[in-house]
Amino acid sequence: MAVKHTCTTFLAGKAATIDGSTLICRQEDYGNAFDPQRFVVVKPEEQPRHYASKTTSFTLELPENPLKYTAVPDADDSAGVFAAGGINAANVAMTATETATTNARVLGADPYNSDSGIGEEDFVTLVLPYIKSAREGVKRLGHLLEKYGTYESNGIAFSDQDEVWYFETIGGHHWAALKIPDDAYVIAPNQFNITDYDFESDATMYAADLPIFINRYHLNPEHGLNLREIFGSRTASDARYNYPRAWYVQKLLSDDEQKLPTDQDLPFVCHPKRKLAIEDIKQAMSMHFQHTDFDPYGQGSANDQHKYRPIALNRNLEIHMLQIRNHVPASIAGVHWLAFGPNTFNAVVPFYANVEDTPAPYKNTTSDFDLQNMYWLTHTLAALGDQNYQRYEMMEENFEQTVMAACRQLQSQTDAHVQTVDEVSAELTQVNEQMAQVSLTESTKLLGRMVKEAFKHEKLQY
């Protein structure tokens, strides 16, 4: 099997964001090794018609009318595409997947399809080009899972201008999805996340026989219907690896001081204390337990500093924040915010999704080290910055604000005039090039400042 990408997902409804956008975001992580990523746009003629998984024996003939879509696949596709997430030409976004947990009761009743099932490698390629709403995404993926099964437990998210849906696989062939309330947000670590559920609600969709499945195999330990209790896990590793991430973000955005990092009953659907901007979400997704004893860069004991798994760490491959905007023309509604590498030393860039190509520093990622690739440049910044975080923290904060401000200015100018041009997609492609150049230039400047500062503290100076 392919190595799982273990991630963190963030979702926000349109009434929870400062500008009325829907947003699905995922921090894609890997092991402690490099796994270079690319940013691409897949045109209809480039979408395969005969799909064959490289993880299992699964094959499928795909429809003839795919939509164009953005994606963030592995630079080396020998193990599969792993398209990660993107926005299609109908302004529908999808991110897949959040590696989840389950329990022996579930897998005993519905084992994984390890031979011919589908999984993280396949989901985006099989679904995103063929849907025109978030609900259609839920239904298409659900149909595929019921028919072909999966070899792993995962969470997937869909969004359009109106709705955000979170979808979780259950065992080998079952699934459940929940529409996130418009005024709410979700922080989802590597566990089964959905809690309270209502099979009769218009805000839920699920495998056709899921209620029967629960009853037949006596899966529900409670009197109510809490899917996390039915299908999830309560392990010692959850307490170290999963719960603390959700605890910190909920504490940051909802100001809830009553919970503990190891609390097993943290809510799934949360409400922010104020409307959320992209900068707020990026701050949450860059968390390493700042201002607590659990911060590896802080003043806590050695035991406390490494007690819990943060979101920002060396395993970060890329973060995509898929924003579907309201109150703008459809041609500019989709924004694929993106940054490569550890979130401690990167800045997200608001790339328009309705484009013909993606910028070379983000698209042409090589398997070998190359500072002209944003993937490798950001990892260089993080490798150097990690050695003395306090020394470079202010530099990083200034860098991130500079990139964000410059790109937001370009975006604002483009939003104001782009409808007057003849070729909107071509214009947005050029603006994306300018944004990429801002990111590359400012990242290179930051690296130079960090090297100069580090040189002042060389041990071999006499």
# chains A, B, ... in the order shown; residues from 1 in each chain; ligands from 1
>>> select_by_dssp(residues="region 98-222 of chain A", states="alpha helix (DSSP H)", output="PyMOL selection string")
chain A and resi 104-109+123-127+134-148+210-216
>>> residues_around(residues="Asn154 (chain A)", least_positions_apart="4", cutoff="10 Å", atoms="only C-alpha atoms", output="mmCIF file with N, CA, C and O atoms, in the first residue's frame")
data_model
loop_
_atom_site.group_PDB
_atom_site.id
_atom_site.type_symbol
_atom_site.label_atom_id
_atom_site.label_comp_id
_atom_site.auth_asym_id
_atom_site.auth_seq_id
_atom_site.Cartn_x
_atom_site.Cartn_y
_atom_site.Cartn_z
ATOM 1 N N THR A 6 -0.908 11.878 6.295
ATOM 2 C CA THR A 6 -1.635 12.145 7.537
ATOM 3 C C THR A 6 -1.747 13.645 7.744
ATOM 4 O O THR A 6 -0.737 14.325 7.870
ATOM 5 N N ALA A 96 -9.095 15.772 -0.569
ATOM 6 C CA ALA A 96 -9.105 14.351 -0.204
ATOM 7 C C ALA A 96 -7.649 13.868 -0.089
ATOM 8 O O ALA A 96 -6.913 13.978 -1.060
ATOM 9 N N THR A 97 -7.212 13.381 1.060
ATOM 10 C CA THR A 97 -8.082 12.984 2.148
ATOM 11 C C THR A 97 -7.420 13.198 3.499
ATOM 12 O O THR A 97 -6.208 13.322 3.599
ATOM 13 N N GLU A 98 -8.289 13.189 4.512
ATOM 14 C CA GLU A 98 -7.877 13.217 5.909
ATOM 15 C C GLU A 98 -7.845 11.781 6.425
ATOM 16 O O GLU A 98 -8.884 11.132 6.537
ATOM 17 N N THR A 99 -6.664 11.266 6.701
ATOM 18 C CA THR A 99 -6.560 9.908 7.216
ATOM 19 C C THR A 99 -7.270 9.818 8.569
ATOM 20 O O THR A 99 -7.055 10.639 9.451
ATOM 21 N N ALA A 100 -8.136 8.822 8.712
ATOM 22 C CA ALA A 100 -8.989 8.724 9.897
ATOM 23 C C ALA A 100 -8.736 7.415 10.644
ATOM 24 O O ALA A 100 -7.930 6.580 10.229
ATOM 25 N N THR A 101 -9.471 7.233 11.742
ATOM 26 C CA THR A 101 -9.371 6.027 12.555
ATOM 27 C C THR A 101 -10.706 5.287 12.547
ATOM 28 O O THR A 101 -11.746 5.844 12.195
ATOM 29 N N THR A 102 -10.680 4.045 12.958
ATOM 30 C CA THR A 102 -11.905 3.274 13.115
ATOM 31 C C THR A 102 -11.667 2.252 14.225
ATOM 32 O O THR A 102 -10.734 2.394 15.017
ATOM 33 N N GLY A 119 -8.942 4.794 -2.943
ATOM 34 C CA GLY A 119 -8.483 5.503 -1.763
ATOM 35 C C GLY A 119 -7.924 6.862 -2.105
ATOM 36 O O GLY A 119 -8.246 7.453 -3.148
ATOM 37 N N GLU A 120 -7.058 7.359 -1.242
ATOM 38 C CA GLU A 120 -6.510 8.707 -1.371
ATOM 39 C C GLU A 120 -5.879 8.954 -2.730
ATOM 40 O O GLU A 120 -5.994 10.051 -3.284
ATOM 41 N N THR A 150 -13.165 0.674 -0.276
ATOM 42 C CA THR A 150 -11.916 1.389 -0.040
ATOM 43 C C THR A 150 -11.000 0.534 0.822
ATOM 44 O O THR A 150 -11.442 -0.401 1.493
ATOM 45 N N PHE A 167 -17.291 14.385 4.585
ATOM 46 C CA PHE A 167 -17.635 13.013 4.194
ATOM 47 C C PHE A 167 -16.615 12.084 4.849
ATOM 48 O O PHE A 167 -15.407 12.302 4.720
ATOM 49 N N GLU A 168 -17.084 11.028 5.539
ATOM 50 C CA GLU A 168 -16.159 10.072 6.150
ATOM 51 C C GLU A 168 -16.475 8.657 5.690
ATOM 52 O O GLU A 168 -17.638 8.237 5.656
ATOM 53 N N THR A 169 -15.430 7.927 5.309
ATOM 54 C CA THR A 169 -15.608 6.532 4.936
ATOM 55 C C THR A 169 -15.765 5.696 6.201
ATOM 56 O O THR A 169 -15.209 6.015 7.253
ATOM 57 N N ILE A 170 -16.522 4.601 6.074
ATOM 58 C CA ILE A 170 -16.814 3.719 7.216
ATOM 59 C C ILE A 170 -16.555 2.287 6.784
ATOM 60 O O ILE A 170 -17.243 1.767 5.891
ATOM 61 N N GLY A 171 -15.554 1.654 7.391
ATOM 62 C CA GLY A 171 -15.205 0.305 6.978
ATOM 63 C C GLY A 171 -14.814 0.279 5.513
ATOM 64 O O GLY A 171 -14.251 1.235 4.976
ATOM 65 N N TRP A 175 -20.346 4.855 4.343
ATOM 66 C CA TRP A 175 -19.921 6.248 4.448
ATOM 67 C C TRP A 175 -21.041 7.082 5.059
ATOM 68 O O TRP A 175 -22.203 6.675 5.073
ATOM 69 N N ASN A 190 -6.620 13.516 12.566
ATOM 70 C CA ASN A 190 -6.649 12.148 12.018
ATOM 71 C C ASN A 190 -7.449 11.188 12.887
ATOM 72 O O ASN A 190 -6.905 10.282 13.517
ATOM 73 N N GLN A 191 -8.768 11.396 12.909
ATOM 74 C CA GLN A 191 -9.658 10.507 13.647
ATOM 75 C C GLN A 191 -11.006 10.528 12.947
ATOM 76 O O GLN A 191 -11.240 11.344 12.052
ATOM 77 N N PHE A 192 -11.906 9.622 13.310
ATOM 78 C CA PHE A 192 -13.274 9.770 12.846
ATOM 79 C C PHE A 192 -13.855 10.964 13.581
ATOM 80 O O PHE A 192 -13.808 11.034 14.807
#
>>> residues_around(residues="Pro181 (chain A)", least_positions_apart="3", cutoff="10 Å", atoms="only C-alpha atoms", output="mmCIF file with all heavy atoms, in the first residue's frame")
data_model
loop_
_atom_site.group_PDB
_atom_site.id
_atom_site.type_symbol
_atom_site.label_atom_id
_atom_site.label_comp_id
_atom_site.auth_asym_id
_atom_site.auth_seq_id
_atom_site.Cartn_x
_atom_site.Cartn_y
_atom_site.Cartn_z
ATOM 1 N N ALA A 12 -15.071 25.919 6.814
ATOM 2 C CA ALA A 12 -15.829 27.068 7.309
ATOM 3 C C ALA A 12 -16.991 27.356 6.378
ATOM 4 O O ALA A 12 -16.830 27.403 5.154
ATOM 5 C CB ALA A 12 -14.936 28.298 7.435
ATOM 6 N N GLY A 13 -18.181 27.551 6.958
ATOM 7 C CA GLY A 13 -19.355 27.929 6.196
ATOM 8 C C GLY A 13 -19.339 29.399 5.824
ATOM 9 O O GLY A 13 -18.581 30.199 6.384
ATOM 10 N N LYS A 14 -20.219 29.787 4.905
ATOM 11 C CA LYS A 14 -20.182 31.138 4.338
ATOM 12 C C LYS A 14 -20.543 32.224 5.339
ATOM 13 O O LYS A 14 -20.124 33.379 5.176
ATOM 14 C CB LYS A 14 -21.087 31.212 3.109
ATOM 15 C CG LYS A 14 -22.564 30.941 3.380
ATOM 16 C CD LYS A 14 -23.368 30.929 2.086
ATOM 17 C CE LYS A 14 -24.844 30.641 2.347
ATOM 18 N NZ LYS A 14 -25.630 30.595 1.095
ATOM 19 N N ALA A 15 -21.307 31.906 6.372
ATOM 20 C CA ALA A 15 -21.629 32.901 7.387
ATOM 21 C C ALA A 15 -20.586 32.961 8.498
ATOM 22 O O ALA A 15 -20.654 33.827 9.375
ATOM 23 C CB ALA A 15 -23.009 32.619 7.997
ATOM 24 N N ALA A 16 -19.610 32.066 8.456
ATOM 25 C CA ALA A 16 -18.534 32.053 9.454
ATOM 26 C C ALA A 16 -17.306 32.803 8.971
ATOM 27 O O ALA A 16 -16.384 33.043 9.748
ATOM 28 C CB ALA A 16 -18.153 30.620 9.799
ATOM 29 N N GLU A 163 -22.609 25.656 0.069
ATOM 30 C CA GLU A 163 -22.538 24.575 1.056
ATOM 31 C C GLU A 163 -21.130 24.024 1.229
ATOM 32 O O GLU A 163 -20.328 24.014 0.299
ATOM 33 C CB GLU A 163 -23.476 23.429 0.645
ATOM 34 C CG GLU A 163 -24.934 23.835 0.594
ATOM 35 C CD GLU A 163 -25.861 22.662 0.307
ATOM 36 O OE1 GLU A 163 -25.392 21.623 -0.231
ATOM 37 O OE2 GLU A 163 -27.057 22.770 0.621
ATOM 38 N N VAL A 164 -20.883 23.526 2.441
ATOM 39 C CA VAL A 164 -19.664 22.781 2.778
ATOM 40 C C VAL A 164 -20.089 21.439 3.360
ATOM 41 O O VAL A 164 -20.913 21.392 4.291
ATOM 42 C CB VAL A 164 -18.800 23.545 3.796
ATOM 43 C CG1 VAL A 164 -17.607 22.695 4.232
ATOM 44 C CG2 VAL A 164 -18.324 24.878 3.214
ATOM 45 N N TRP A 165 -19.545 20.355 2.836
ATOM 46 C CA TRP A 165 -19.872 19.002 3.304
ATOM 47 C C TRP A 165 -18.605 18.285 3.744
ATOM 48 O O TRP A 165 -17.558 18.392 3.091
ATOM 49 C CB TRP A 165 -20.529 18.196 2.183
ATOM 50 C CG TRP A 165 -21.964 18.556 1.934
ATOM 51 C CD1 TRP A 165 -22.434 19.605 1.196
ATOM 52 C CD2 TRP A 165 -23.124 17.864 2.437
ATOM 53 N NE1 TRP A 165 -23.797 19.615 1.215
ATOM 54 C CE2 TRP A 165 -24.256 18.558 1.951
ATOM 55 C CE3 TRP A 165 -23.303 16.730 3.225
ATOM 56 C CZ2 TRP A 165 -25.549 18.153 2.243
ATOM 57 C CZ3 TRP A 165 -24.595 16.326 3.516
ATOM 58 C CH2 TRP A 165 -25.709 17.032 3.034
ATOM 59 N N LEU A 178 -21.968 15.042 6.329
ATOM 60 C CA LEU A 178 -22.710 16.053 7.083
ATOM 61 C C LEU A 178 -22.473 17.417 6.472
ATOM 62 O O LEU A 178 -21.323 17.793 6.195
ATOM 63 C CB LEU A 178 -22.262 16.055 8.544
ATOM 64 C CG LEU A 178 -22.904 17.103 9.455
ATOM 65 C CD1 LEU A 178 -24.367 16.750 9.721
ATOM 66 C CD2 LEU A 178 -22.143 17.204 10.775
ATOM 67 N N ALA A 184 -20.677 28.010 11.039
ATOM 68 C CA ALA A 184 -19.787 27.159 11.846
ATOM 69 C C ALA A 184 -18.470 26.873 11.132
ATOM 70 O O ALA A 184 -18.329 27.068 9.921
ATOM 71 C CB ALA A 184 -20.490 25.847 12.174
ATOM 72 N N TYR A 185 -17.505 26.395 11.931
ATOM 73 C CA TYR A 185 -16.247 25.883 11.384
ATOM 74 C C TYR A 185 -15.980 24.504 11.965
ATOM 75 O O TYR A 185 -16.598 24.088 12.951
ATOM 76 C CB TYR A 185 -15.079 26.833 11.677
ATOM 77 C CG TYR A 185 -14.571 26.800 13.109
ATOM 78 C CD1 TYR A 185 -13.572 25.912 13.499
ATOM 79 C CD2 TYR A 185 -15.095 27.654 14.079
ATOM 80 C CE1 TYR A 185 -13.105 25.870 14.806
ATOM 81 C CE2 TYR A 185 -14.643 27.625 15.385
ATOM 82 C CZ TYR A 185 -13.639 26.735 15.743
ATOM 83 O OH TYR A 185 -13.186 26.694 17.043
ATOM 84 N N VAL A 186 -15.045 23.799 11.358
ATOM 85 C CA VAL A 186 -14.659 22.452 11.793
ATOM 86 C C VAL A 186 -13.140 22.355 11.752
ATOM 87 O O VAL A 186 -12.509 22.824 10.797
ATOM 88 C CB VAL A 186 -15.272 21.384 10.865
ATOM 89 C CG1 VAL A 186 -14.523 20.065 10.967
ATOM 90 C CG2 VAL A 186 -16.750 21.195 11.171
ATOM 91 N N ALA A 203 -29.490 17.772 6.006
ATOM 92 C CA ALA A 203 -28.069 18.095 6.132
ATOM 93 C C ALA A 203 -27.204 16.843 6.282
ATOM 94 O O ALA A 203 -26.033 16.933 6.641
ATOM 95 C CB ALA A 203 -27.848 19.016 7.326
ATOM 96 N N VAL A 269 -18.673 20.288 15.272
ATOM 97 C CA VAL A 269 -19.129 21.567 14.735
ATOM 98 C C VAL A 269 -18.907 22.652 15.790
ATOM 99 O O VAL A 269 -19.361 22.525 16.923
ATOM 100 C CB VAL A 269 -20.612 21.503 14.339
ATOM 101 C CG1 VAL A 269 -21.132 22.876 13.945
ATOM 102 C CG2 VAL A 269 -20.809 20.509 13.195
ATOM 103 N N CYS A 270 -18.175 23.698 15.411
ATOM 104 C CA CYS A 270 -17.838 24.775 16.345
ATOM 105 C C CYS A 270 -18.256 26.125 15.762
ATOM 106 O O CYS A 270 -18.428 26.267 14.544
ATOM 107 C CB CYS A 270 -16.335 24.800 16.610
ATOM 108 S SG CYS A 270 -15.655 23.262 17.242
ATOM 109 N N HIS A 271 -18.384 27.115 16.627
ATOM 110 C CA HIS A 271 -18.750 28.462 16.195
ATOM 111 C C HIS A 271 -17.652 29.440 16.621
ATOM 112 O O HIS A 271 -17.263 29.462 17.796
ATOM 113 C CB HIS A 271 -20.105 28.872 16.772
ATOM 114 C CG HIS A 271 -21.233 28.039 16.237
ATOM 115 N ND1 HIS A 271 -21.581 26.816 16.784
ATOM 116 C CD2 HIS A 271 -22.058 28.231 15.190
ATOM 117 C CE1 HIS A 271 -22.585 26.296 16.098
ATOM 118 N NE2 HIS A 271 -22.896 27.138 15.125
#
>>> atom_distance(atom1="CA of Asp357 (chain A)", atom2="CA of Ala426 (chain A)")
8.8 Å
>>> residues_around(residues="Thr441 (chain A)", least_positions_apart="4", cutoff="12 Å", atoms="only C-alpha atoms", output="list in words")
Pro361, Leu371, Gln372, Asn373, Met374, Leu377, Thr378, Phe399, Thr402, Val403, Ala406, Gln434, Met435, Ala436, Gln437, Lys445, Leu446, Leu447 and Gly448 of chain A
>>> write_last_selection(atoms="all heavy atoms", output="short mmCIF file (atom, residue, chain, number, x, y, z; two decimals), in the first residue's frame")
data_model
loop_
_atom_site.label_atom_id
_atom_site.label_comp_id
_atom_site.auth_asym_id
_atom_site.auth_seq_id
_atom_site.Cartn_x
_atom_site.Cartn_y
_atom_site.Cartn_z
N PRO A 361 7.43 28.04 -10.79
CA PRO A 361 8.01 27.68 -9.48
C PRO A 361 7.13 26.74 -8.66
O PRO A 361 7.63 26.07 -7.75
CB PRO A 361 8.17 29.03 -8.78
CG PRO A 361 8.20 30.04 -9.88
CD PRO A 361 7.28 29.50 -10.93
N LEU A 371 16.41 25.31 -5.74
CA LEU A 371 15.89 26.50 -5.08
C LEU A 371 14.98 27.33 -5.97
O LEU A 371 14.36 28.29 -5.50
CB LEU A 371 17.04 27.37 -4.56
CG LEU A 371 17.68 26.91 -3.25
CD1 LEU A 371 18.83 27.82 -2.87
CD2 LEU A 371 16.66 26.86 -2.13
N GLN A 372 14.86 26.98 -7.25
CA GLN A 372 13.87 27.65 -8.10
C GLN A 372 12.48 27.03 -7.95
O GLN A 372 11.52 27.55 -8.50
CB GLN A 372 14.32 27.58 -9.56
CG GLN A 372 15.58 28.40 -9.85
CD GLN A 372 15.43 29.85 -9.42
OE1 GLN A 372 14.52 30.54 -9.85
NE2 GLN A 372 16.32 30.30 -8.56
N ASN A 373 12.40 25.93 -7.24
CA ASN A 373 11.10 25.31 -6.91
C ASN A 373 10.64 25.83 -5.56
O ASN A 373 11.39 25.78 -4.58
CB ASN A 373 11.22 23.80 -6.83
CG ASN A 373 11.59 23.12 -8.13
OD1 ASN A 373 11.94 21.96 -8.13
ND2 ASN A 373 11.50 23.82 -9.25
N MET A 374 9.41 26.29 -5.46
CA MET A 374 8.91 26.78 -4.18
C MET A 374 8.87 25.68 -3.13
O MET A 374 9.05 25.95 -1.94
CB MET A 374 7.52 27.40 -4.35
CG MET A 374 7.52 28.79 -4.95
SD MET A 374 8.50 30.00 -4.01
CE MET A 374 7.75 29.91 -2.40
N LEU A 377 12.48 25.58 -1.84
CA LEU A 377 12.86 26.83 -1.20
C LEU A 377 12.20 26.96 0.17
O LEU A 377 12.86 27.32 1.15
CB LEU A 377 12.45 28.01 -2.10
CG LEU A 377 12.73 29.42 -1.56
CD1 LEU A 377 14.19 29.58 -1.15
CD2 LEU A 377 12.35 30.46 -2.61
N THR A 378 10.93 26.62 0.26
CA THR A 378 10.24 26.71 1.55
C THR A 378 10.81 25.72 2.55
O THR A 378 10.95 26.03 3.74
CB THR A 378 8.74 26.48 1.38
OG1 THR A 378 8.22 27.38 0.40
CG2 THR A 378 8.00 26.68 2.69
N PHE A 399 7.80 38.55 6.67
CA PHE A 399 7.77 37.94 5.34
C PHE A 399 6.35 37.51 4.97
O PHE A 399 5.86 37.81 3.87
CB PHE A 399 8.73 36.74 5.31
CG PHE A 399 8.33 35.64 4.37
CD1 PHE A 399 8.54 35.76 3.01
CD2 PHE A 399 7.76 34.47 4.86
CE1 PHE A 399 8.19 34.74 2.14
CE2 PHE A 399 7.40 33.44 4.01
CZ PHE A 399 7.61 33.58 2.64
N THR A 402 4.16 40.48 4.26
CA THR A 402 4.54 41.12 3.01
C THR A 402 3.97 40.37 1.80
O THR A 402 3.40 40.98 0.89
CB THR A 402 6.07 41.20 2.89
OG1 THR A 402 6.58 42.01 3.95
CG2 THR A 402 6.49 41.82 1.56
N VAL A 403 4.11 39.06 1.80
CA VAL A 403 3.60 38.25 0.68
C VAL A 403 2.08 38.36 0.61
O VAL A 403 1.50 38.58 -0.47
CB VAL A 403 4.03 36.78 0.83
CG1 VAL A 403 3.34 35.90 -0.21
CG2 VAL A 403 5.54 36.65 0.69
N ALA A 406 0.95 41.91 -0.62
CA ALA A 406 1.22 42.15 -2.03
C ALA A 406 0.27 41.33 -2.91
O ALA A 406 -0.24 41.83 -3.93
CB ALA A 406 2.67 41.80 -2.35
N GLN A 434 2.35 36.66 -11.56
CA GLN A 434 2.85 37.77 -10.75
C GLN A 434 2.86 37.42 -9.27
O GLN A 434 3.80 37.74 -8.54
CB GLN A 434 2.00 39.02 -10.99
CG GLN A 434 2.06 39.57 -12.41
CD GLN A 434 1.10 40.74 -12.58
OE1 GLN A 434 1.14 41.71 -11.81
NE2 GLN A 434 0.23 40.66 -13.58
N MET A 435 1.79 36.75 -8.81
CA MET A 435 1.74 36.35 -7.41
C MET A 435 2.85 35.36 -7.07
O MET A 435 3.48 35.44 -6.01
CB MET A 435 0.38 35.74 -7.09
CG MET A 435 -0.78 36.72 -7.14
SD MET A 435 -2.33 35.91 -6.67
CE MET A 435 -3.50 37.25 -6.88
N ALA A 436 3.09 34.41 -7.98
CA ALA A 436 4.15 33.43 -7.75
C ALA A 436 5.51 34.12 -7.67
O ALA A 436 6.37 33.74 -6.86
CB ALA A 436 4.14 32.39 -8.86
N GLN A 437 5.69 35.15 -8.50
CA GLN A 437 6.97 35.87 -8.48
C GLN A 437 7.15 36.62 -7.17
O GLN A 437 8.26 36.68 -6.62
CB GLN A 437 7.05 36.84 -9.66
CG GLN A 437 8.43 37.44 -9.86
CD GLN A 437 9.51 36.39 -10.07
OE1 GLN A 437 9.38 35.51 -10.91
NE2 GLN A 437 10.58 36.46 -9.29
N LYS A 445 14.51 36.53 -0.50
CA LYS A 445 15.00 37.59 0.38
C LYS A 445 15.07 37.12 1.83
O LYS A 445 16.04 37.41 2.54
CB LYS A 445 14.09 38.82 0.27
CG LYS A 445 14.21 39.59 -1.03
CD LYS A 445 13.26 40.79 -0.99
CE LYS A 445 13.30 41.59 -2.26
NZ LYS A 445 12.33 42.73 -2.24
N LEU A 446 14.02 36.41 2.25
CA LEU A 446 14.01 35.89 3.63
C LEU A 446 15.16 34.94 3.85
O LEU A 446 15.84 35.00 4.89
CB LEU A 446 12.68 35.20 3.91
CG LEU A 446 12.56 34.49 5.27
CD1 LEU A 446 12.76 35.47 6.42
CD2 LEU A 446 11.23 33.77 5.40
N LEU A 447 15.41 34.06 2.90
CA LEU A 447 16.54 33.13 3.04
C LEU A 447 17.84 33.90 3.18
O LEU A 447 18.69 33.56 4.03
CB LEU A 447 16.59 32.20 1.83
CG LEU A 447 17.75 31.20 1.82
CD1 LEU A 447 17.70 30.28 3.04
CD2 LEU A 447 17.72 30.37 0.53
N GLY A 448 18.02 34.95 2.39
CA GLY A 448 19.24 35.75 2.50
C GLY A 448 19.38 36.40 3.86
O GLY A 448 20.47 36.39 4.46
#
>>> select_by_dssp(residues="region 170-334 of chain A", states="strand (DSSP E)", output="PyMOL selection string")
chain A and resi 170+174-179+185-188+204-206+316-324+334
>>> residues_around(residues="Pro296 (chain A)", least_positions_apart="5", cutoff="8 Å", atoms="only C-alpha atoms", output="NGL selection string")
:A and (288-289 or 305-306)
>>> write_last_selection(atoms="N, CA, C and O atoms", output="PDB file, in the first residue's frame")
ATOM      1  N   HIS A 288       1.854  25.337  16.588  1.00  0.00           N
ATOM      2  CA  HIS A 288       2.721  24.360  17.249  1.00  0.00           C
ATOM      3  C   HIS A 288       2.621  24.558  18.764  1.00  0.00           C
ATOM      4  O   HIS A 288       3.604  24.464  19.490  1.00  0.00           O
ATOM      5  N   PHE A 289       1.390  24.840  19.209  1.00  0.00           N
ATOM      6  CA  PHE A 289       1.057  25.042  20.620  1.00  0.00           C
ATOM      7  C   PHE A 289       1.729  26.286  21.195  1.00  0.00           C
ATOM      8  O   PHE A 289       2.220  26.281  22.329  1.00  0.00           O
ATOM      9  N   GLN A 305       7.311  19.643  25.824  1.00  0.00           N
ATOM     10  CA  GLN A 305       7.518  20.175  24.481  1.00  0.00           C
ATOM     11  C   GLN A 305       7.246  19.135  23.389  1.00  0.00           C
ATOM     12  O   GLN A 305       6.959  19.503  22.249  1.00  0.00           O
ATOM     13  N   HIS A 306       7.361  17.896  23.712  1.00  0.00           N
ATOM     14  CA  HIS A 306       7.146  16.842  22.719  1.00  0.00           C
ATOM     15  C   HIS A 306       5.984  15.922  23.120  1.00  0.00           C
ATOM     16  O   HIS A 306       5.920  14.772  22.693  1.00  0.00           O
TER      17      HIS A 306
END
>>> closest_atom_pairs(of="region 75-146 of chain A", to="region 213-224 of chain A", cutoff="9 Å", atoms="only C-alpha atoms", output="tab-separated table")
residue	atom	partner	partner_atom	distance
A:Arg105	CA	A:Leu219	CA	6.8
A:Val106	CA	A:Leu219	CA	7.3
A:Ala109	CA	A:Tyr217	CA	6.8
>>> write_last_selection(atoms="N, CA, C and O atoms", output="short mmCIF file (atom, residue, chain, number, x, y, z; two decimals), in the first residue's frame")
data_model
loop_
_atom_site.label_atom_id
_atom_site.label_comp_id
_atom_site.auth_asym_id
_atom_site.auth_seq_id
_atom_site.Cartn_x
_atom_site.Cartn_y
_atom_site.Cartn_z
N ARG A 105 -14.74 -3.44 15.67
CA ARG A 105 -16.15 -3.81 15.46
C ARG A 105 -16.59 -3.49 14.04
O ARG A 105 -17.25 -4.29 13.37
N VAL A 106 -16.20 -2.31 13.57
CA VAL A 106 -16.58 -1.87 12.23
C VAL A 106 -15.90 -2.72 11.17
O VAL A 106 -16.53 -3.21 10.22
N ALA A 109 -17.21 -6.16 10.68
CA ALA A 109 -18.48 -6.23 9.97
C ALA A 109 -18.35 -5.85 8.50
O ALA A 109 -19.07 -6.36 7.64
#
>>> atom_distance(atom1="CA of Gly86 (chain A)", atom2="CA of Thr444 (chain A)")
26.9 Å
>>> residues_around(residues="Ala333 (chain A)", least_positions_apart="4", cutoff="7 Å", atoms="only C-alpha atoms", output="list in words")
Asn91, Ile324, Arg325, Asn326, Val328 and Pro329 of chain A
>>> closest_residue(among="A:Gln37, A:Ser443, A:Asn314, A:Ser78", to="Gln401 (chain A)", atoms="only C-alpha atoms")
A:Ser443
